[in-house]
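Colleague: Structure below; questions to follow.
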Amino acid sequence: MSFEAEVISWLPQLRRYARALTGDRAWADDLVQDTAERALARWAAFRPNSNLRAWLLTILRHLYIDQLRGRREIAVDEESAPWRNLEAPPREVDGLVLRDLQRALYCLPVEQREVLLLVCVEELTYQETSKALGVPVGTVMSRLSRAREHLRVLLEEPAQGPAHKVPPLKVVRNPR
């Protein structure tokens with residue numbers, strides 16, 4: 001199989017990851033196109049017998065970060081984000097669960113969301129994820145653990161969300 005054909009075979013997975021990162025179909029498509037263009041233009045930089053998918057996901061992630069910086073955005077977690085107003089398909093309970101999961105996913109910090117997507121959705125190993133993100137394996141494991149816990153908490157919260165919770169009381173001791 002040629003290098004070009006291998007890159008093309010990974011486009012659906014790249015698109016899925018880009019959609020999960022951006023929450024926007026057009027932006028995701030642009031990211032995938034830019035990723036494919038860069039990979040094909042720099043095919044000589046790819047080391048044979050290494051993981052092409054991890055290399056492509058790394059390129060996509062770097063392009064995403066560059067575009068966020070270009071937009072002067074740190075993350076796409078604002079109230080007007082497109083995933084905040086998604087409608088579930090009529091008469092589909094699974095659609096509601098998926099919508100809740102997607103909303104909770106976008107409430108995660110970007111670092112946790114990236115690791116969760118790469119390990120749980122794209123099924124990269126911790127080592128592959130470590131290389132793709134440029135962080136130590138221990139950091140990948142830590143971020144994944146925090147992401148899973150954070151996601152669990154978000155999905156267990158009542159419908160009104162965390163903003164309507166009563167803040168816990170702080171215990172202050174009176175020094176004598």
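The way I read the labels, and the way they are meant: chains A, B, ... in the order of the structure tokens, residue 1 as the first residue of every chain, and ligand 1 as the first ligand shown, with later ones counted on from there.
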So which residues touch segment 30-44 of chain A within 10 Å, counting only C-alpha atoms, skipping near sequence neighbours fewer than 2 positions away, as a VMD selection string?

Modeller: chain A and resid 3 to 4 7 to 8 10 to 19 22 25 to 28 46 to 48 52 55 to 64 67

Colleague: Just the selected residues (C-alpha atoms), exported as an mmCIF file, in the first residue's frame, please.

Modeller:
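The result, written out as result02.cif:
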data_model
loop_
_atom_site.group_PDB
_atom_site.id
_atom_site.type_symbol
_atom_site.label_atom_id
_atom_site.label_comp_id
_atom_site.auth_asym_id
_atom_site.auth_seq_id
_atom_site.Cartn_x
_atom_site.Cartn_y
_atom_site.Cartn_z
ATOM 1 C CA PHE A 3 1.923 6.166 1.656
ATOM 2 C CA GLU A 4 -0.871 8.255 0.114
ATOM 3 C CA VAL A 7 -3.004 8.436 4.799
ATOM 4 C CA ILE A 8 -6.362 8.298 3.011
ATOM 5 C CA TRP A 10 -6.968 7.104 8.251
ATOM 6 C CA LEU A 11 -9.119 10.089 7.188
ATOM 7 C CA PRO A 12 -12.335 8.859 8.911
ATOM 8 C CA GLN A 13 -10.512 8.490 12.255
ATOM 9 C CA LEU A 14 -8.872 11.886 11.817
ATOM 10 C CA ARG A 15 -12.256 13.440 11.102
ATOM 11 C CA ARG A 16 -13.796 11.813 14.185
ATOM 12 C CA TYR A 17 -10.979 13.153 16.381
ATOM 13 C CA ALA A 18 -11.160 16.610 14.787
ATOM 14 C CA ARG A 19 -14.943 16.744 15.304
ATOM 15 C CA THR A 22 -13.644 21.290 17.704
ATOM 16 C CA ARG A 25 -18.119 20.049 11.328
ATOM 17 C CA ALA A 26 -16.609 22.636 8.947
ATOM 18 C CA TRP A 27 -13.636 23.376 11.194
ATOM 19 C CA ALA A 28 -13.021 19.646 11.635
ATOM 20 C CA PHE A 46 7.637 9.966 8.581
ATOM 21 C CA ARG A 47 9.798 7.156 9.941
ATOM 22 C CA PRO A 48 9.026 3.793 8.336
ATOM 23 C CA LEU A 52 1.225 6.431 10.986
ATOM 24 C CA TRP A 55 1.827 10.681 13.560
ATOM 25 C CA LEU A 56 -1.278 11.961 11.756
ATOM 26 C CA LEU A 57 -3.122 12.615 15.034
ATOM 27 C CA THR A 58 -0.087 14.554 16.273
ATOM 28 C CA ILE A 59 -0.091 16.710 13.147
ATOM 29 C CA LEU A 60 -3.836 17.310 13.534
ATOM 30 C CA ARG A 61 -3.460 18.277 17.177
ATOM 31 C CA HIS A 62 -0.634 20.708 16.425
ATOM 32 C CA LEU A 63 -2.682 22.330 13.662
ATOM 33 C CA TYR A 64 -5.640 22.593 16.052
ATOM 34 C CA GLN A 67 -5.545 27.586 14.922
#

Colleague: What is the distance between atom CA of Cys107 of chain A and atom CA of Leu144 of chain A, in Å to one decimal?

Modeller: 14.6 Å

Colleague: Could you list, as a ChimeraX atom specification, every residue within 8 Å of Leu116 of chain A, counting only C-alpha atoms and ignoring same-chain residues fewer than 5 positions away?

Modeller: /A:121,144,147-148

Colleague: With C-alpha atoms kept, could you save the residues just selected as a short mmCIF file (atom, residue, chain, number, x, y, z; two decimals), in the first residue's frame?

Modeller:
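New file selection-v7.cif:
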data_model
loop_
_atom_site.label_atom_id
_atom_site.label_comp_id
_atom_site.auth_asym_id
_atom_site.auth_seq_id
_atom_site.Cartn_x
_atom_site.Cartn_y
_atom_site.Cartn_z
CA VAL A 121 -12.07 6.70 21.25
CA LEU A 144 -6.93 10.12 31.77
CA ALA A 147 -10.82 13.03 32.89
CA ARG A 148 -12.72 9.82 33.65
#

Colleague: Grab the atom CA of Ser50 of chain A to atom CA of Ile65 of chain A distance for me, in Å with one decimal place.

Modeller: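 About the pair atom CA of Ser50 of chain A and atom CA of Ile65 of chain A: they are 23.5 Å apart.
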